[in-house]
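Raw start.txt, compact mmCIF, C-alpha atoms and all ligand atoms:
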# COMPACT_ATOMS: atom_id res chain seq x y z
CA MET A 1 0.00 0.00 0.00
CA ASN A 2 1.04 3.57 -0.54
CA GLY A 3 3.10 4.71 2.47
CA ILE A 4 0.88 7.67 3.33
CA LEU A 5 -2.26 5.55 3.28
CA GLU A 6 -0.49 2.96 5.38
CA ALA A 7 0.27 5.55 8.06
CA ILE A 8 -3.33 6.81 7.92
CA TYR A 9 -4.79 3.32 8.36
CA GLN A 10 -2.26 2.26 11.00
CA ARG A 11 -2.64 5.33 13.23
CA ARG A 12 -4.59 4.66 16.41
CA ALA A 13 -5.17 6.63 19.56
CA VAL A 14 -2.70 4.86 21.85
CA LYS A 15 -3.50 5.09 25.53
CA LEU A 16 -0.33 3.68 27.09
CA PHE A 17 3.25 4.38 26.07
CA GLU A 18 6.61 3.02 27.09
CA PRO A 19 9.51 5.36 27.73
CA VAL A 20 11.56 6.19 24.64
CA GLU A 21 13.47 9.27 23.63
CA ILE A 22 12.19 11.06 20.52
CA PRO A 23 15.38 12.33 18.86
CA LYS A 24 15.62 16.02 17.92
CA GLU A 25 15.76 15.25 14.17
CA MET A 26 12.57 13.22 14.39
CA ARG A 27 10.86 15.92 16.43
CA GLU A 28 11.77 18.51 13.84
CA GLN A 29 10.57 16.31 10.99
CA ILE A 30 7.22 15.74 12.71
CA LEU A 31 6.74 19.46 13.42
CA ASP A 32 7.82 20.38 9.92
CA ALA A 33 5.21 17.99 8.49
CA ALA A 34 2.60 19.64 10.75
CA ARG A 35 3.29 23.11 9.37
CA HIS A 36 3.05 21.82 5.80
CA ALA A 37 -0.69 21.34 6.30
CA PRO A 38 -2.91 23.75 4.37
CA SER A 39 -4.20 26.74 6.33
CA SER A 40 -6.75 29.45 5.71
CA PHE A 41 -5.12 32.27 3.67
CA ASN A 42 -1.87 30.45 4.47
CA MET A 43 -2.00 32.24 7.83
CA GLN A 44 -0.81 29.20 9.82
CA PRO A 45 -2.63 30.54 12.89
CA TYR A 46 -1.19 28.15 15.43
CA ARG A 47 1.71 27.43 17.71
CA PHE A 48 2.87 24.07 19.00
CA TYR A 49 4.42 23.61 22.43
CA TRP A 50 6.51 20.44 22.50
CA VAL A 51 6.81 19.48 26.16
CA ARG A 52 9.61 16.99 26.81
CA SER A 53 11.29 17.72 30.15
CA THR A 54 10.22 15.27 32.86
CA ALA A 55 9.01 17.95 35.27
CA LYS A 56 7.07 19.96 32.67
CA LYS A 57 5.58 16.82 31.14
CA ALA A 58 4.35 15.73 34.58
CA ALA A 59 2.81 19.17 35.16
CA VAL A 60 1.05 19.14 31.77
CA ALA A 61 -0.09 15.52 32.25
CA ARG A 62 -1.68 16.56 35.56
CA LEU A 63 -3.55 19.30 33.71
CA CYS A 64 -4.72 16.63 31.24
CA HIS A 65 -6.61 15.17 34.22
CA GLY A 66 -3.78 12.68 34.74
CA GLN A 67 -4.92 10.63 31.74
CA MET A 68 -2.70 7.60 31.10
CA PRO A 69 -1.63 8.59 27.57
CA ALA A 70 -0.48 11.94 28.98
CA GLN A 71 1.23 10.41 32.01
CA THR A 72 3.18 7.85 29.99
CA ALA A 73 3.98 9.89 26.84
CA SER A 74 7.54 10.67 25.80
CA ALA A 75 6.41 14.14 24.78
CA LEU A 76 3.21 16.14 24.95
CA VAL A 77 2.38 18.53 22.15
CA VAL A 78 0.03 21.34 23.06
CA ALA A 79 -1.58 22.67 19.87
CA VAL A 80 -2.68 26.27 20.28
CA ALA A 81 -4.88 28.29 17.93
CA ASP A 82 -3.15 31.67 17.73
CA ILE A 83 -5.13 34.63 16.41
CA GLY A 84 -2.45 37.11 17.39
CA SER A 85 0.12 36.03 14.81
CA MET A 86 -1.53 37.35 11.63
CA ARG A 87 0.51 40.54 11.23
CA ALA A 88 3.83 38.76 11.87
CA THR A 89 2.84 35.98 9.44
CA SER A 90 1.97 38.31 6.59
CA GLU A 91 5.10 40.39 7.23
CA GLY A 92 7.13 37.18 7.15
CA GLN A 93 5.56 36.24 3.84
CA VAL A 94 6.31 39.66 2.34
CA GLU A 95 9.94 39.36 3.43
CA TRP A 96 10.09 35.89 1.85
CA MET A 97 8.50 37.18 -1.38
CA ARG A 98 11.04 40.03 -1.53
CA SER A 99 13.88 37.52 -1.27
CA ARG A 100 12.71 35.63 -4.36
CA SER A 101 12.90 36.58 -8.00
CA GLU A 102 9.50 35.03 -8.94
CA PHE A 103 7.55 37.86 -7.34
CA SER A 104 7.35 41.22 -9.10
CA ALA A 105 7.11 44.41 -7.05
CA GLU A 106 3.48 44.64 -8.17
CA LYS A 107 2.69 41.13 -6.91
CA ILE A 108 4.25 41.95 -3.55
CA ARG A 109 2.24 45.19 -3.31
CA ASP A 110 -0.95 43.24 -4.17
CA TYR A 111 -0.21 40.74 -1.44
CA GLU A 112 0.50 43.52 1.08
CA ARG A 113 -2.79 45.23 0.20
CA THR A 114 -4.79 41.99 0.48
CA ALA A 115 -3.10 41.12 3.78
CA LYS A 116 -3.93 44.56 5.18
CA ILE A 117 -7.61 44.23 4.16
CA GLY A 118 -7.63 40.71 5.63
CA ARG A 119 -6.24 41.98 8.93
CA ILE A 120 -8.88 44.70 9.13
CA LEU A 121 -11.65 42.22 8.26
CA PHE A 122 -10.41 39.76 10.85
CA MET A 123 -10.13 42.35 13.63
CA PRO A 124 -12.80 41.88 16.32
CA GLY A 125 -12.05 45.30 17.85
CA PRO A 126 -12.82 46.39 21.43
CA LEU A 127 -16.04 45.16 23.07
CA GLY A 128 -17.12 43.51 19.83
CA ILE A 129 -18.21 46.90 18.44
CA PHE A 130 -16.25 46.48 15.24
CA ALA A 131 -17.81 42.99 14.88
CA MET A 132 -21.27 44.58 14.96
CA VAL A 133 -20.28 47.17 12.37
CA LYS A 134 -18.83 44.43 10.15
CA ARG A 135 -21.98 42.36 10.54
CA GLY A 136 -24.07 45.31 9.34
CA ILE A 137 -21.80 46.08 6.41
CA PHE A 138 -21.61 42.47 5.27
CA TRP A 139 -25.36 42.00 5.73
CA LEU A 140 -25.94 44.94 3.36
CA LEU A 141 -23.28 43.78 0.90
CA ASN A 142 -24.82 40.29 0.85
CA LEU A 143 -28.12 41.79 -0.32
CA TRP A 144 -26.30 42.80 -3.46
CA LYS A 145 -23.75 40.01 -3.90
CA THR A 146 -23.10 36.62 -2.25
CA LEU A 147 -20.03 37.25 -0.11
CA GLY A 148 -20.67 35.32 3.09
CA MET A 149 -19.45 36.62 6.43
CA PRO A 150 -15.87 36.99 7.62
CA PRO A 151 -15.16 35.89 11.21
CA LEU A 152 -16.86 38.57 13.28
CA SER A 153 -16.25 37.98 16.94
CA ARG A 154 -13.18 36.72 18.77
CA GLN A 155 -15.05 33.41 19.10
CA ASP A 156 -15.48 33.28 15.29
CA LEU A 157 -11.77 33.96 14.91
CA PHE A 158 -10.87 31.11 17.25
CA LYS A 159 -13.20 28.83 15.28
CA TRP A 160 -11.44 29.96 12.11
CA ALA A 161 -7.98 29.31 13.57
CA THR A 162 -9.04 25.97 15.06
CA LYS A 163 -9.77 24.54 11.59
CA SER A 164 -6.22 25.17 10.38
CA THR A 165 -4.75 24.06 13.72
CA SER A 166 -6.63 20.75 13.55
CA LEU A 167 -5.38 20.06 10.04
CA ALA A 168 -1.81 20.66 11.23
CA CYS A 169 -2.47 18.27 14.15
CA GLU A 170 -3.57 15.52 11.81
CA ASN A 171 -0.47 16.03 9.66
CA LEU A 172 1.60 15.83 12.83
CA MET A 173 0.02 12.54 13.88
CA ILE A 174 0.32 10.95 10.45
CA ALA A 175 3.96 12.04 10.16
CA ALA A 176 4.67 10.62 13.63
CA GLU A 177 3.03 7.34 12.68
CA ALA A 178 5.07 7.15 9.47
CA LEU A 179 8.22 7.61 11.60
CA GLY A 180 7.21 4.90 14.08
CA ILE A 181 5.88 7.16 16.83
CA ASN A 182 2.37 6.60 18.15
CA THR A 183 0.05 9.36 19.31
CA CYS A 184 -3.13 10.11 21.21
CA PRO A 185 -5.01 13.37 20.60
CA MET A 186 -6.68 14.64 23.78
CA GLU A 187 -9.25 17.28 24.53
CA GLY A 188 -9.52 16.17 28.12
CA PHE A 189 -7.50 18.97 29.76
CA ASP A 190 -8.04 21.97 31.98
CA GLY A 191 -7.77 24.69 29.35
CA ARG A 192 -7.64 27.62 31.74
CA ARG A 193 -4.91 26.18 33.96
CA LEU A 194 -2.90 24.77 31.06
CA SER A 195 -3.01 28.15 29.29
CA LYS A 196 -1.80 29.80 32.48
CA TYR A 197 0.96 27.22 32.86
CA LEU A 198 2.20 27.92 29.32
CA GLY A 199 1.86 31.68 29.75
CA LEU A 200 -0.74 32.00 26.99
CA SER A 201 -2.96 35.02 26.52
CA ALA A 202 -6.73 34.41 26.60
CA ARG A 203 -7.06 37.24 24.08
CA TYR A 204 -5.03 35.51 21.38
CA HIS A 205 -4.60 31.87 22.28
CA GLU A 206 -6.87 28.89 22.68
CA ILE A 207 -5.65 25.34 23.23
CA VAL A 208 -7.17 23.07 20.59
CA MET A 209 -5.80 19.72 21.76
CA VAL A 210 -2.88 18.07 23.47
CA ILE A 211 -1.22 15.22 21.60
CA ALA A 212 0.55 12.52 23.58
CA MET A 213 3.50 11.10 21.66
CA GLY A 214 5.52 7.97 22.24
CA LYS A 215 5.96 4.29 21.53
CA LYS A 216 2.96 2.09 22.22
CA SER A 217 3.52 -0.01 25.33
CA GLN A 218 3.97 -3.71 24.60
CA GLY A 219 1.43 -4.41 27.31
CA TYR A 220 -1.23 -2.21 25.73
CA VAL A 221 -4.01 -4.11 24.00
CA GLN A 222 -5.50 -1.90 21.33
CA PRO A 223 -9.26 -2.37 20.99
CA PRO A 224 -10.53 -2.97 17.44
CA GLN A 225 -11.22 0.17 15.48
CA TRP A 226 -14.84 0.96 14.69
CA ARG A 227 -16.07 3.51 12.18
CA ARG A 228 -19.55 4.42 10.99
CA PRO A 229 -20.31 2.89 7.59
CA LEU A 230 -19.26 5.04 4.66
CA GLU A 231 -22.90 5.71 3.67
CA ALA A 232 -23.52 7.20 7.10
CA THR A 233 -20.78 9.77 6.69
CA VAL A 234 -20.85 10.51 2.96
CA THR A 235 -23.39 12.01 0.60
CA VAL A 236 -22.46 11.73 -3.05
CA LEU A 237 -24.31 14.27 -5.14
C1 LIG B 1 -10.45 16.01 19.26
C2 LIG B 1 -10.17 14.68 19.92
C3 LIG B 1 -10.15 14.62 21.29
C4 LIG B 1 -9.83 13.42 21.94
N1 LIG B 1 -9.70 13.41 23.30
C5 LIG B 1 -9.27 12.28 23.92
C6 LIG B 1 -8.98 12.29 25.30
O1 LIG B 1 -9.08 13.31 25.98
N2 LIG B 1 -8.54 11.15 25.87
C7 LIG B 1 -8.38 9.99 25.15
O2 LIG B 1 -7.98 9.00 25.72
N3 LIG B 1 -8.63 9.97 23.83
C8 LIG B 1 -9.06 11.08 23.18
N4 LIG B 1 -9.27 11.08 21.82
C9 LIG B 1 -9.01 9.85 21.05
C10 LIG B 1 -10.31 9.22 20.58
O3 LIG B 1 -10.95 8.60 21.66
C11 LIG B 1 -10.01 8.23 19.45
O4 LIG B 1 -9.39 8.91 18.39
C12 LIG B 1 -11.28 7.55 18.96
O5 LIG B 1 -11.83 6.75 19.95
C13 LIG B 1 -11.01 6.67 17.74
O6 LIG B 1 -9.97 5.76 17.98
P1 LIG B 1 -8.72 5.67 16.98
O7 LIG B 1 -8.15 7.04 16.89
O8 LIG B 1 -7.80 4.66 17.61
O9 LIG B 1 -9.25 5.19 15.67
C14 LIG B 1 -9.61 12.26 21.16
C15 LIG B 1 -9.66 12.34 19.78
C16 LIG B 1 -9.92 13.53 19.16
C17 LIG B 1 -9.92 13.61 17.67

Using structure tokens, write down the structure that the file contains.
Amino acid sequence: MNGILEAIYQRRAVKLFEPVEIPKEMREQILDAARHAPSSFNMQPYRFYWVRSTAKKAAVARLCHGQMPAQTASALVVAVADIGSMRATSEGQVEWMRSRSEFSAEKIRDYERTAKIGRILFMPGPLGIFAMVKRGIFWLLNLWKTLGMPPLSRQDLFKWATKSTSLACENLMIAAEALGINTCPMEGFDGRRLSKYLGLSARYHEIVMVIAMGKKSQGYVQPPQWRRPLEATVTVL
């Protein structure tokens, strides 16, 4: 079977790991695969915290309600939706475009203009007032042309960023599997305390999931994998 499909079909949520060291090169490869996932407007609105020191891992595992995958993992990856990185990301892209001959000055200016409009559109503003103004403007514009709605509130923005973060998480887990490292995604954690522990800002950051990483314990018996039948999850039109 194709190697990518093999990793997809082999991946399971592993609940008990045995201690192994994940070498730096492997860690970097896994994280690099994560950031190759597609993201909305290529904004990559996320940050991964790779927790590997024994003390920090124990603290994070406690905040994952002491779940076994967290307690026994070789590393814990906290995937954070980050809505405060948009300006830095677009500036980084402009710098990258400037360093390459494929992009004309006009193309770079176009990108800068679009990025600026995007940033304004994606700005919730204080007390959600700007969100209300945007809602009104877009409601009127939609009477004339089908445009949809940009993310309006901070909550909408987190929802927007969570989509791209989740895709990066899946890439991360498939890459780990392909490299012989098992994973368990977890949403069982105390978000408020874990955010505080990592020094995150409630304004810009929301933890999407924590991924336990390691080698499946030899003593762990994996239950069979069940999925809804294809017809229950797919509509072909
Ligand atoms: C968003 C998300 C949150 C999850 N949270 C937990 C969790 O907190 N603890 C846990 O043991 N497993 C968790 N899982 C793993 C699921 O239980 C597991 O993926 C599911 O039962 C299917 O099993 P499989 O991944 O082995 O096919 C989570 C999975 C996802 C995608």

* Protein/DNA/RNA residues near (3.5, 16.1, 33.9), cut 12 Å, all atoms listed in the file, as a PyMOL selection string -> chain A and resi 51-76+194+197+212

Neighbouring residues of A:Gly180 were defined as those with any atom within 10 Å, considering all atoms listed in the file; residues of the same chain fewer than 2 positions away were excluded. Please report them as an mmCIF file with C-alpha atoms, in the frame of the given file.
data_model
loop_
_atom_site.group_PDB
_atom_site.id
_atom_site.type_symbol
_atom_site.label_atom_id
_atom_site.label_comp_id
_atom_site.auth_asym_id
_atom_site.auth_seq_id
_atom_site.Cartn_x
_atom_site.Cartn_y
_atom_site.Cartn_z
ATOM 1 C CA ALA A 7 0.270 5.550 8.060
ATOM 2 C CA ARG A 11 -2.640 5.330 13.230
ATOM 3 C CA MET A 26 12.570 13.220 14.390
ATOM 4 C CA ILE A 174 0.320 10.950 10.450
ATOM 5 C CA ALA A 175 3.960 12.040 10.160
ATOM 6 C CA ALA A 176 4.670 10.620 13.630
ATOM 7 C CA GLU A 177 3.030 7.340 12.680
ATOM 8 C CA ALA A 178 5.070 7.150 9.470
ATOM 9 C CA ASN A 182 2.370 6.600 18.150
ATOM 10 C CA THR A 183 0.050 9.360 19.310
ATOM 11 C CA GLY A 214 5.520 7.970 22.240
ATOM 12 C CA LYS A 215 5.960 4.290 21.530
ATOM 13 C CA LYS A 216 2.960 2.090 22.220
#

* Please write out the residues within 9 Å of ligand LIG 1 (chain B) as a PyMOL selection string, counting only C-alpha atoms and all ligand atoms. => chain A and resi 9-15+64-65+67-70+166+170+183-189+208-211+222-227

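A straight line drawn from atom CA of A:Gly92 to atom CA of A:Trp50 is 22.7 Å long.
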
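Of the listed residues A:Glu91, A:Asp82, A:Asp110, A:Glu231, the one whose atoms come nearest to A:Trp160 is A:Asp82, with distances taken using only C-alpha atoms.
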
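Atom pair atom CA of A:Leu198 / atom CA of A:Met173 has a distance of 21.9 Å (rounded to one decimal).
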
* To do: With a distance cut-off of 6 Å and all atoms listed in the file, select the neighbouring residues of A:Ala34, excluding the residue or stretch itself and same-chain residues fewer than 5 positions from it, and output the selection as a VMD selection string.
  => chain A and resid 168 171 to 172

* Asked: What's the 12 Å shell around A:Ser201, counting all atoms listed in the file, without same-chain residues fewer than 4 positions away, as a PyMOL selection string?
  -> chain A and resi 80-84+191-197+205-207

* To do: Could you please give me, as an MDAnalysis selection string, the residues of protein, DNA or RNA lying at most 12 Å from (-15.6, 36.9, 11.8) in the coordinate frame of the file, considering only C-alpha atoms?
  => chainID A and resid 83 118:125 128 130:135 138 148:161

For the selection you just gave me, I'd like the residues written to a file as a JSON list (two decimals), in the coordinates of the input, keeping C-alpha atoms.
[["chain", "number", "residue", "atom", "x", "y", "z"],
["A", 83, "ILE", "CA", -5.13, 34.63, 16.41],
["A", 118, "GLY", "CA", -7.63, 40.71, 5.63],
["A", 119, "ARG", "CA", -6.24, 41.98, 8.93],
["A", 120, "ILE", "CA", -8.88, 44.70, 9.13],
["A", 121, "LEU", "CA", -11.65, 42.22, 8.26],
["A", 122, "PHE", "CA", -10.41, 39.76, 10.85],
["A", 123, "MET", "CA", -10.13, 42.35, 13.63],
["A", 124, "PRO", "CA", -12.80, 41.88, 16.32],
["A", 125, "GLY", "CA", -12.05, 45.30, 17.85],
["A", 128, "GLY", "CA", -17.12, 43.51, 19.83],
["A", 130, "PHE", "CA", -16.25, 46.48, 15.24],
["A", 131, "ALA", "CA", -17.81, 42.99, 14.88],
["A", 132, "MET", "CA", -21.27, 44.58, 14.96],
["A", 133, "VAL", "CA", -20.28, 47.17, 12.37],
["A", 134, "LYS", "CA", -18.83, 44.43, 10.15],
["A", 135, "ARG", "CA", -21.98, 42.36, 10.54],
["A", 138, "PHE", "CA", -21.61, 42.47, 5.27],
["A", 148, "GLY", "CA", -20.67, 35.32, 3.09],
["A", 149, "MET", "CA", -19.45, 36.62, 6.43],
["A", 150, "PRO", "CA", -15.87, 36.99, 7.62],
["A", 151, "PRO", "CA", -15.16, 35.89, 11.21],
["A", 152, "LEU", "CA", -16.86, 38.57, 13.28],
["A", 153, "SER", "CA", -16.25, 37.98, 16.94],
["A", 154, "ARG", "CA", -13.18, 36.72, 18.77],
["A", 155, "GLN", "CA", -15.05, 33.41, 19.10],
["A", 156, "ASP", "CA", -15.48, 33.28, 15.29],
["A", 157, "LEU", "CA", -11.77, 33.96, 14.91],
["A", 158, "PHE", "CA", -10.87, 31.11, 17.25],
["A", 159, "LYS", "CA", -13.20, 28.83, 15.28],
["A", 160, "TRP", "CA", -11.44, 29.96, 12.11],
["A", 161, "ALA", "CA", -7.98, 29.31, 13.57]]

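With only C-alpha atoms as the basis for measurement, A:Lys116 is the residue among A:Lys163, A:Lys145, A:Arg27, A:Lys116 that approaches A:Ala88 most closely.
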